[in-house]
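Visitor: Dropping a structure here in structure tokens format, bear with me for questions.
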Amino acid sequence: MLNFSRYKTIAILASVVIAIIFALPNVLSPAAQAVMWNTLGARPMTLGLDLQGGSNVVMEVDRKDLRDQLTLQLSGDIRASLREAKIGYKGITRTDNGVTVRLSEIADQARARTALQTLQQPQTGGLMSTGIAVNLFDLNPEGEAFNFTFSEPGLDAKVAIAIGQSLKIVENRINALGTAESTIQQQGKDRIAIQLPGVQNPDQVKDVIGRTAKLTFQLLCLEQPTAANQNPPQECASLPLKEAPDQMLWVQTSSRATVDGADLTDAQPSFDQNNQSVVSFRFNQKGSLRFGKLTAENVGKPFAIILDNVVVSYPNINEPILGGSGQISGNFTTEEASNLAVVLRSGALPAKLTIVEERTVGPSLGSDSIEAGILACVIGLIGVLLFTAFAYHLFGLFANVALLANLIMLIAIMSFFGFTLTLPGIAGIVLTMGMAVDSNVLVFERIREEWRNGRTALNAIETGFREALATIVDANLTTLIAAVVLFGVGSGPVRGFAITLSIGIVTTVFTAFTLTRLIIAWWARYKRPKEVPL
């Protein structure tokens, strides 16, 4: 146990030196940190929201809005399916819980059922999905009527799919804004928790991440409202104008008169010939063909550019737009055009997200937390070092060297992998220091016991390390299992504590059975002791 090959010794010392290099940026000035990052890729630890301040936002899928979207889409699908099957109907009625369609002839019930069954929309998504599809809608016939009602399991699966898509879209939008070290994760079955360290004015971020950004290009109806609150024709929808919200326009809802913004491949802020802020966009091949066909067949007619059910502008189609690119104008400010380009590039959210919780932590509170955390670490470290030195004399000093190396390696690993340090994480560091001493206490007490039982000094030291190994591994392994469980079921601060504790366990075992043993082996080799200094 006290014999180290040259290569093993070099590997242990190299590990400590590398740890010092990667931990060093945490105590350097910003300019020196930049040099370390550019030359060695070393960076300081990321501070959590509770340490450097920032904003915490929790957003929830708006189920009512999602239901409205789904019933609106279902109404159009029902109309198209019945027309394709040449089945007459009296009317289609949307409700909060579904859609009802009434047939003109009850004799068409069997054919209508066959045509409508394909619209139940099987869903297989969700965190706990078993792969078994559940229908989004239940279909129930009542005489000449068919009722589509939401299935709760199907709606839950739809929400789970929407959350999964929204996580990626929100992450893309935040990254595009240049917000560094944000944390985005699912909370519960229908919420997204977003932490933005260092962001003190989150209004712009909230506007960008909460925007649905559903973009469509739709032809205007030939007939337009002449009075307020006038109902639109059957194939049209009434939407407000961005510049005058009280003014309504009627736009065609047929798929033949609509191009979806989902086919956009790029969107960038720019300026038009009048030096006004606009958003330049470009379609993929599919979108280019559809947009070119739409504009070619409707030259001379106006079409509306609609963002989140608001008409941004409604220019005339002067000539076919065949290149697959264009501009969106709407009296935007430079910031509005930039934000709109970000959300369009990221894609539309599958459902509206509403803010249900918002907290802002000021930098002064964060600095107070850092000072309190550092003070706790320093007091704990000094107490542990003094106890170890007085209790175990020379071996205690060896253990203290290993303890300091343990702390440096913990900080280096968190810095290298970009783990976020939180207040509970600082508690994990303090706990790690105590656990590191526990490992050395087990070793040293076993050495004392072997020495008292009559073994020679070298034999007692070697036996002590060997026999204590299993006990220390068992003790740390059980703690590691607990930390892994905390990380798996916990969130936010709990995960920060679990990460720090897990890393501390690994570095503790490494330093206790490599570095401490190496230092004692060097001492024993040169001193050839006759007694154990414990």
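Identifiers in the structure tokens: chain A, B, ... in order shown; residue index from 1 per chain; ligand index from 1 in order shown.
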Show which residues sit within 9 Å of region 75-80 of chain A, as a PyMOL selection string. Count only C-alpha atoms, and ignore same-chain residues fewer than 2 positions away.

Guide: chain A and resi 70-73+82-85+89+92-94+99-101+115-116+119+253-254

Visitor: Selected residues, N, CA and C atoms, written as a PDB file, in the first residue's frame, please.

Guide:
```pdb
ATOM      1  N   LEU A  70     -56.977  23.798 -30.626  1.00  0.00           N
ATOM      2  CA  LEU A  70     -57.294  22.448 -31.085  1.00  0.00           C
ATOM      3  C   LEU A  70     -58.716  22.356 -31.625  1.00  0.00           C
ATOM      4  N   THR A  71     -59.673  23.029 -30.967  1.00  0.00           N
ATOM      5  CA  THR A  71     -61.056  22.983 -31.456  1.00  0.00           C
ATOM      6  C   THR A  71     -61.210  23.766 -32.759  1.00  0.00           C
ATOM      7  N   LEU A  72     -60.452  24.872 -32.897  1.00  0.00           N
ATOM      8  CA  LEU A  72     -60.491  25.623 -34.145  1.00  0.00           C
ATOM      9  C   LEU A  72     -59.945  24.783 -35.293  1.00  0.00           C
ATOM     10  N   GLN A  73     -58.827  24.113 -35.051  1.00  0.00           N
ATOM     11  CA  GLN A  73     -58.249  23.244 -36.076  1.00  0.00           C
ATOM     12  C   GLN A  73     -59.187  22.085 -36.388  1.00  0.00           C
ATOM     13  N   LEU A  82     -65.871  16.135 -44.284  1.00  0.00           N
ATOM     14  CA  LEU A  82     -67.248  15.914 -44.741  1.00  0.00           C
ATOM     15  C   LEU A  82     -67.433  16.347 -46.184  1.00  0.00           C
ATOM     16  N   ARG A  83     -66.789  17.431 -46.578  1.00  0.00           N
ATOM     17  CA  ARG A  83     -66.892  17.864 -47.983  1.00  0.00           C
ATOM     18  C   ARG A  83     -66.224  16.860 -48.912  1.00  0.00           C
ATOM     19  N   GLU A  84     -65.072  16.320 -48.473  1.00  0.00           N
ATOM     20  CA  GLU A  84     -64.388  15.331 -49.305  1.00  0.00           C
ATOM     21  C   GLU A  84     -65.227  14.067 -49.455  1.00  0.00           C
ATOM     22  N   ALA A  85     -65.959  13.692 -48.396  1.00  0.00           N
ATOM     23  CA  ALA A  85     -66.827  12.516 -48.454  1.00  0.00           C
ATOM     24  C   ALA A  85     -68.197  12.827 -49.051  1.00  0.00           C
ATOM     25  N   TYR A  89     -73.948  18.837 -44.047  1.00  0.00           N
ATOM     26  CA  TYR A  89     -74.066  19.097 -42.612  1.00  0.00           C
ATOM     27  C   TYR A  89     -74.763  20.430 -42.405  1.00  0.00           C
ATOM     28  N   ILE A  92     -71.515  23.482 -37.607  1.00  0.00           N
ATOM     29  CA  ILE A  92     -70.433  23.025 -36.735  1.00  0.00           C
ATOM     30  C   ILE A  92     -70.331  24.011 -35.580  1.00  0.00           C
ATOM     31  N   THR A  93     -70.420  23.492 -34.351  1.00  0.00           N
ATOM     32  CA  THR A  93     -70.422  24.340 -33.158  1.00  0.00           C
ATOM     33  C   THR A  93     -69.235  24.000 -32.271  1.00  0.00           C
ATOM     34  N   ARG A  94     -68.461  25.005 -31.903  1.00  0.00           N
ATOM     35  CA  ARG A  94     -67.340  24.815 -30.989  1.00  0.00           C
ATOM     36  C   ARG A  94     -67.775  25.099 -29.561  1.00  0.00           C
ATOM     37  N   VAL A  99     -66.157  19.900 -30.082  1.00  0.00           N
ATOM     38  CA  VAL A  99     -66.851  20.391 -31.274  1.00  0.00           C
ATOM     39  C   VAL A  99     -68.039  19.470 -31.562  1.00  0.00           C
ATOM     40  N   THR A 100     -69.150  20.058 -31.967  1.00  0.00           N
ATOM     41  CA  THR A 100     -70.338  19.296 -32.353  1.00  0.00           C
ATOM     42  C   THR A 100     -70.683  19.614 -33.800  1.00  0.00           C
ATOM     43  N   VAL A 101     -70.918  18.584 -34.592  1.00  0.00           N
ATOM     44  CA  VAL A 101     -71.327  18.760 -35.976  1.00  0.00           C
ATOM     45  C   VAL A 101     -72.669  18.059 -36.181  1.00  0.00           C
ATOM     46  N   ALA A 115     -65.686   8.703 -41.750  1.00  0.00           N
ATOM     47  CA  ALA A 115     -64.861   9.854 -42.137  1.00  0.00           C
ATOM     48  C   ALA A 115     -64.321  10.604 -40.925  1.00  0.00           C
ATOM     49  N   LEU A 116     -65.124  10.686 -39.853  1.00  0.00           N
ATOM     50  CA  LEU A 116     -64.734  11.501 -38.697  1.00  0.00           C
ATOM     51  C   LEU A 116     -63.838  10.765 -37.712  1.00  0.00           C
ATOM     52  N   LEU A 119     -60.196  11.717 -37.260  1.00  0.00           N
ATOM     53  CA  LEU A 119     -59.857  13.030 -36.692  1.00  0.00           C
ATOM     54  C   LEU A 119     -59.703  12.988 -35.175  1.00  0.00           C
ATOM     55  N   THR A 253     -59.626  31.779 -43.908  1.00  0.00           N
ATOM     56  CA  THR A 253     -59.079  30.712 -43.067  1.00  0.00           C
ATOM     57  C   THR A 253     -58.817  29.423 -43.837  1.00  0.00           C
ATOM     58  N   SER A 254     -59.179  29.376 -45.103  1.00  0.00           N
ATOM     59  CA  SER A 254     -58.944  28.167 -45.887  1.00  0.00           C
ATOM     60  C   SER A 254     -57.449  27.911 -46.031  1.00  0.00           C
TER      61      SER A 254
END
```

Visitor: So which residues of region 204-274 of chain A fall under strand (DSSP E) by DSSP, listed as a count of residues only?

Guide: 26

Visitor: Please provide the set of residues having any atom within 8 Å of Phe283 (chain A), restricted to only C-alpha atoms, with same-chain residues fewer than 2 positions apart removed, written as a PDB file with N, CA and C atoms, in the first residue's frame.

Guide:
```pdb
ATOM      1  N   ASP A 263     -42.592  27.103 -42.015  1.00  0.00           N
ATOM      2  CA  ASP A 263     -41.668  26.797 -43.104  1.00  0.00           C
ATOM      3  C   ASP A 263     -40.542  27.823 -43.223  1.00  0.00           C
ATOM      4  N   LEU A 264     -40.447  28.766 -42.277  1.00  0.00           N
ATOM      5  CA  LEU A 264     -39.349  29.736 -42.300  1.00  0.00           C
ATOM      6  C   LEU A 264     -38.030  29.057 -41.934  1.00  0.00           C
ATOM      7  N   THR A 265     -36.978  29.412 -42.627  1.00  0.00           N
ATOM      8  CA  THR A 265     -35.645  28.906 -42.292  1.00  0.00           C
ATOM      9  C   THR A 265     -34.770  29.976 -41.657  1.00  0.00           C
ATOM     10  N   ASP A 266     -35.115  31.252 -41.846  1.00  0.00           N
ATOM     11  CA  ASP A 266     -34.296  32.315 -41.274  1.00  0.00           C
ATOM     12  C   ASP A 266     -35.116  33.586 -41.164  1.00  0.00           C
ATOM     13  N   PHE A 281     -37.227  37.707 -44.034  1.00  0.00           N
ATOM     14  CA  PHE A 281     -37.406  36.279 -43.796  1.00  0.00           C
ATOM     15  C   PHE A 281     -37.111  35.486 -45.060  1.00  0.00           C
ATOM     16  N   GLN A 285     -37.734  25.153 -49.071  1.00  0.00           N
ATOM     17  CA  GLN A 285     -38.235  24.860 -50.422  1.00  0.00           C
ATOM     18  C   GLN A 285     -39.753  24.691 -50.438  1.00  0.00           C
ATOM     19  N   LYS A 286     -40.259  23.967 -49.455  1.00  0.00           N
ATOM     20  CA  LYS A 286     -41.707  23.750 -49.394  1.00  0.00           C
ATOM     21  C   LYS A 286     -42.442  25.069 -49.213  1.00  0.00           C
ATOM     22  N   GLY A 287     -41.965  25.899 -48.274  1.00  0.00           N
ATOM     23  CA  GLY A 287     -42.612  27.186 -48.042  1.00  0.00           C
ATOM     24  C   GLY A 287     -42.495  28.108 -49.237  1.00  0.00           C
ATOM     25  N   SER A 288     -41.342  28.065 -49.930  1.00  0.00           N
ATOM     26  CA  SER A 288     -41.157  28.917 -51.107  1.00  0.00           C
ATOM     27  C   SER A 288     -42.168  28.572 -52.197  1.00  0.00           C
ATOM     28  N   GLY A 324     -38.885  33.035 -52.442  1.00  0.00           N
ATOM     29  CA  GLY A 324     -38.957  32.438 -51.117  1.00  0.00           C
ATOM     30  C   GLY A 324     -38.489  33.347 -50.004  1.00  0.00           C
ATOM     31  N   SER A 325     -38.414  34.648 -50.261  1.00  0.00           N
ATOM     32  CA  SER A 325     -37.984  35.585 -49.223  1.00  0.00           C
ATOM     33  C   SER A 325     -38.832  36.842 -49.302  1.00  0.00           C
TER      34      SER A 325
END
```

Visitor: Given the choices A:Ala372, A:Val58, A:Val251, A:Leu515, which gets closest to Leu423 (chain A) if the distance is worked out from only C-alpha atoms?

Guide: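 Using only C-alpha atoms, the shortest distance to Leu423 (chain A) belongs to A:Ala372.
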
Visitor: Given the choices A:Pro269, A:Pro225, A:Pro424, A:Gly210, which gets closest to Met59 (chain A) if the distance is worked out from only C-alpha atoms?

Guide: A:Gly210

Visitor: For Ala244 (chain A), which residue out of A:Asn339, A:Thr216, A:Thr258, A:Ser313 is the nearest one, using only C-alpha atoms?

Guide: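 Once distances to Ala244 (chain A) are computed over only C-alpha atoms, the minimum belongs to A:Ser313.
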
Visitor: Kindly indicate which residue among A:Thr333, A:Thr479, A:Thr212, A:Ser415 lies nearest to Thr354 (chain A), using only C-alpha atoms for the distances.

Guide: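 For Thr354 (chain A), the nearest of the candidates is A:Thr212.
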
Visitor: Given the choices A:Val134, A:Val509, A:Leu49, A:Val311, which gets closest to Gln195 (chain A) if the distance is worked out from only C-alpha atoms?

Guide: A:Leu49

Visitor: Using only C-alpha atoms, pick whichever of A:Gln218, A:Gln109, A:Ser369, A:Ser277 has the shortest atom-to-atom distance to Asn316 (chain A).

Guide: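 With only C-alpha atoms as the atom set, the closest residue is A:Gln218.
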
Visitor: Output as JSON, numbers by chain all residues of region 196-310 of chain A that backbone DSSP marks as alpha helix (DSSP H).

Guide: {"A": [203, 204, 205, 206, 207, 208, 209, 285, 286, 287, 288, 289, 290, 291, 292, 293, 294, 295, 296]}

Visitor: Write the residues of the preceding selection, restricted to N, CA and C atoms, as a PDB file, in the first residue's frame.

Guide:
```pdb
ATOM      1  N   ASP A 203     -37.805  42.052 -18.386  1.00  0.00           N
ATOM      2  CA  ASP A 203     -38.983  42.316 -19.209  1.00  0.00           C
ATOM      3  C   ASP A 203     -38.770  41.907 -20.661  1.00  0.00           C
ATOM      4  N   GLN A 204     -37.609  42.238 -21.230  1.00  0.00           N
ATOM      5  CA  GLN A 204     -37.340  41.868 -22.618  1.00  0.00           C
ATOM      6  C   GLN A 204     -37.292  40.356 -22.777  1.00  0.00           C
ATOM      7  N   VAL A 205     -36.641  39.690 -21.821  1.00  0.00           N
ATOM      8  CA  VAL A 205     -36.542  38.232 -21.899  1.00  0.00           C
ATOM      9  C   VAL A 205     -37.915  37.597 -21.795  1.00  0.00           C
ATOM     10  N   LYS A 206     -38.744  38.099 -20.876  1.00  0.00           N
ATOM     11  CA  LYS A 206     -40.094  37.541 -20.716  1.00  0.00           C
ATOM     12  C   LYS A 206     -40.912  37.735 -21.981  1.00  0.00           C
ATOM     13  N   ASP A 207     -40.772  38.890 -22.610  1.00  0.00           N
ATOM     14  CA  ASP A 207     -41.516  39.152 -23.838  1.00  0.00           C
ATOM     15  C   ASP A 207     -41.116  38.185 -24.943  1.00  0.00           C
ATOM     16  N   VAL A 208     -39.835  37.884 -25.017  1.00  0.00           N
ATOM     17  CA  VAL A 208     -39.348  37.000 -26.076  1.00  0.00           C
ATOM     18  C   VAL A 208     -39.725  35.548 -25.818  1.00  0.00           C
ATOM     19  N   ILE A 209     -39.518  35.073 -24.584  1.00  0.00           N
ATOM     20  CA  ILE A 209     -39.756  33.652 -24.331  1.00  0.00           C
ATOM     21  C   ILE A 209     -41.236  33.325 -24.207  1.00  0.00           C
ATOM     22  N   GLN A 285     -37.734  25.153 -49.071  1.00  0.00           N
ATOM     23  CA  GLN A 285     -38.235  24.860 -50.422  1.00  0.00           C
ATOM     24  C   GLN A 285     -39.753  24.691 -50.438  1.00  0.00           C
ATOM     25  N   LYS A 286     -40.259  23.967 -49.455  1.00  0.00           N
ATOM     26  CA  LYS A 286     -41.707  23.750 -49.394  1.00  0.00           C
ATOM     27  C   LYS A 286     -42.442  25.069 -49.213  1.00  0.00           C
ATOM     28  N   GLY A 287     -41.965  25.899 -48.274  1.00  0.00           N
ATOM     29  CA  GLY A 287     -42.612  27.186 -48.042  1.00  0.00           C
ATOM     30  C   GLY A 287     -42.495  28.108 -49.237  1.00  0.00           C
ATOM     31  N   SER A 288     -41.342  28.065 -49.930  1.00  0.00           N
ATOM     32  CA  SER A 288     -41.157  28.917 -51.107  1.00  0.00           C
ATOM     33  C   SER A 288     -42.168  28.572 -52.197  1.00  0.00           C
ATOM     34  N   LEU A 289     -42.387  27.276 -52.412  1.00  0.00           N
ATOM     35  CA  LEU A 289     -43.346  26.858 -53.440  1.00  0.00           C
ATOM     36  C   LEU A 289     -44.757  27.303 -53.077  1.00  0.00           C
ATOM     37  N   ARG A 290     -45.144  27.102 -51.819  1.00  0.00           N
ATOM     38  CA  ARG A 290     -46.497  27.479 -51.400  1.00  0.00           C
ATOM     39  C   ARG A 290     -46.675  28.997 -51.450  1.00  0.00           C
ATOM     40  N   PHE A 291     -45.663  29.736 -50.973  1.00  0.00           N
ATOM     41  CA  PHE A 291     -45.761  31.191 -50.957  1.00  0.00           C
ATOM     42  C   PHE A 291     -45.771  31.731 -52.395  1.00  0.00           C
ATOM     43  N   GLY A 292     -44.942  31.140 -53.253  1.00  0.00           N
ATOM     44  CA  GLY A 292     -44.929  31.568 -54.650  1.00  0.00           C
ATOM     45  C   GLY A 292     -46.256  31.302 -55.334  1.00  0.00           C
ATOM     46  N   LYS A 293     -46.863  30.152 -55.068  1.00  0.00           N
ATOM     47  CA  LYS A 293     -48.154  29.817 -55.668  1.00  0.00           C
ATOM     48  C   LYS A 293     -49.247  30.746 -55.166  1.00  0.00           C
ATOM     49  N   LEU A 294     -49.236  31.023 -53.851  1.00  0.00           N
ATOM     50  CA  LEU A 294     -50.243  31.908 -53.268  1.00  0.00           C
ATOM     51  C   LEU A 294     -50.182  33.300 -53.889  1.00  0.00           C
ATOM     52  N   THR A 295     -48.969  33.843 -54.006  1.00  0.00           N
ATOM     53  CA  THR A 295     -48.849  35.203 -54.548  1.00  0.00           C
ATOM     54  C   THR A 295     -49.081  35.237 -56.057  1.00  0.00           C
ATOM     55  N   ALA A 296     -48.708  34.168 -56.766  1.00  0.00           N
ATOM     56  CA  ALA A 296     -48.903  34.143 -58.220  1.00  0.00           C
ATOM     57  C   ALA A 296     -50.379  34.089 -58.577  1.00  0.00           C
TER      58      ALA A 296
END
```

Visitor: Set the distance at 10 Å and use only C-alpha atoms: which residues neighbour Asn26 (chain A) once local chain neighbours fewer than 6 positions away are removed? I'd like the list as a short mmCIF file (atom, residue, chain, number, x, y, z; two decimals) with N, CA and C atoms, in the first residue's frame.

Guide:
```cif
data_model
loop_
_atom_site.label_atom_id
_atom_site.label_comp_id
_atom_site.auth_asym_id
_atom_site.auth_seq_id
_atom_site.Cartn_x
_atom_site.Cartn_y
_atom_site.Cartn_z
N GLN A 33 -8.92 36.32 -15.87
CA GLN A 33 -9.82 35.21 -16.20
C GLN A 33 -9.94 35.05 -17.71
N ALA A 42 -9.69 27.58 -19.09
CA ALA A 42 -10.09 27.56 -17.69
C ALA A 42 -10.99 28.75 -17.40
N ARG A 43 -12.05 28.51 -16.66
CA ARG A 43 -13.02 29.56 -16.35
C ARG A 43 -13.47 29.45 -14.89
N PRO A 44 -13.98 30.53 -14.32
CA PRO A 44 -14.45 30.45 -12.93
C PRO A 44 -15.77 29.69 -12.84
N MET A 45 -16.16 29.33 -11.62
CA MET A 45 -17.42 28.66 -11.40
C MET A 45 -18.59 29.58 -11.76
N THR A 46 -19.66 28.96 -12.24
CA THR A 46 -20.89 29.71 -12.50
C THR A 46 -21.66 29.87 -11.21
N ILE A 411 -13.42 22.46 -6.52
CA ILE A 411 -13.68 23.72 -7.22
C ILE A 411 -13.28 23.62 -8.69
N ALA A 412 -12.16 22.94 -8.97
CA ALA A 412 -11.69 22.80 -10.35
C ALA A 412 -12.68 22.00 -11.20
N SER A 415 -15.74 24.09 -11.92
CA SER A 415 -15.42 25.14 -12.89
C SER A 415 -15.29 24.56 -14.29
#
```

Visitor: So that I can check the surroundings of Lys301 (chain A), please list as a short mmCIF file (atom, residue, chain, number, x, y, z; two decimals) with N, CA and C atoms, in the first residue's frame every protein, DNA and RNA residue that reaches within 8 Å of it, counting only C-alpha atoms and ignoring chain neighbours fewer than 2 positions away.

Guide:
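Once everything was written out, this is selection-v9.cif:
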```cif
data_model
loop_
_atom_site.label_atom_id
_atom_site.label_comp_id
_atom_site.auth_asym_id
_atom_site.auth_seq_id
_atom_site.Cartn_x
_atom_site.Cartn_y
_atom_site.Cartn_z
N LEU A 219 -54.77 35.46 -47.12
CA LEU A 219 -55.46 36.41 -47.98
C LEU A 219 -56.57 37.10 -47.21
N LEU A 220 -56.80 38.37 -47.54
CA LEU A 220 -57.94 39.07 -46.97
C LEU A 220 -59.22 38.62 -47.67
N ASN A 298 -52.83 35.34 -56.84
CA ASN A 298 -53.62 36.42 -56.24
C ASN A 298 -52.96 37.78 -56.44
N VAL A 299 -52.33 37.98 -57.60
CA VAL A 299 -51.72 39.27 -57.91
C VAL A 299 -52.80 40.36 -57.90
N PHE A 303 -52.94 40.74 -48.95
CA PHE A 303 -52.84 39.60 -48.05
C PHE A 303 -52.29 40.10 -46.72
N ASN A 316 -50.51 44.86 -50.63
CA ASN A 316 -51.03 44.26 -51.86
C ASN A 316 -49.95 43.39 -52.49
N ILE A 317 -50.38 42.35 -53.18
CA ILE A 317 -49.46 41.50 -53.93
C ILE A 317 -49.30 42.13 -55.32
N ASN A 318 -48.22 42.87 -55.52
CA ASN A 318 -48.01 43.55 -56.80
C ASN A 318 -47.50 42.62 -57.89
#
```

Visitor: Just give me the gap between CA of Gly300 (chain A) and CA of Leu241 (chain A) in Å, one decimal is fine.

Guide: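 It comes out at 20.8 Å.
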
Visitor: Any idea what the distance is between CA of Val61 (chain A) and CA of Leu353 (chain A)?

Guide: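 Spanning CA of Val61 (chain A) to CA of Leu353 (chain A) is a straight-line distance of 4.7 Å.
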
Visitor: Compile a residue-level contact table for region 461-534 of chain A against region 440-455 of chain A at a cut-off of 6 Å, reporting for every qualifying residue the shortest atom pair and its distance in Å to one decimal, with only C-alpha atoms counted, rows ordered by chain and ascending number, as JSON lines.

Guide:
```
{"residue": "A:Ile461", "atom": "CA", "partner": "A:Ile447", "partner_atom": "CA", "distance": 5.3}
{"residue": "A:Gly464", "atom": "CA", "partner": "A:Ile447", "partner_atom": "CA", "distance": 4.4}
{"residue": "A:Phe465", "atom": "CA", "partner": "A:Val443", "partner_atom": "CA", "distance": 5.7}
{"residue": "A:Ala468", "atom": "CA", "partner": "A:Val443", "partner_atom": "CA", "distance": 5.5}
```

Visitor: One decimal, in Å: what's the spacing between CA of Leu381 (chain A) and CA of Leu397 (chain A)?

Guide: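 These two atoms are separated by 13.4 Å.
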
Visitor: I'd like the contact shell of His393 (chain A) - 7 Å cut-off, only C-alpha atoms, skipping same-chain residues fewer than 3 positions apart - returned as a ChimeraX atom specification.

Guide: /A:389-390,396-397,533-534

Visitor: Can you write out the residues you just picked, keeping C-alpha atoms, as a compact mmCIF listing (two decimals), in the first residue's frame?

Guide:
```
# COMPACT_ATOMS: atom_id res chain seq x y z
CA ALA A 389 -3.57 18.89 13.46
CA PHE A 390 -4.07 18.66 17.26
CA GLY A 396 -2.84 15.46 10.84
CA LEU A 397 -0.70 17.97 8.94
CA PRO A 533 3.56 9.77 15.35
CA LEU A 534 -0.12 9.60 16.37
```
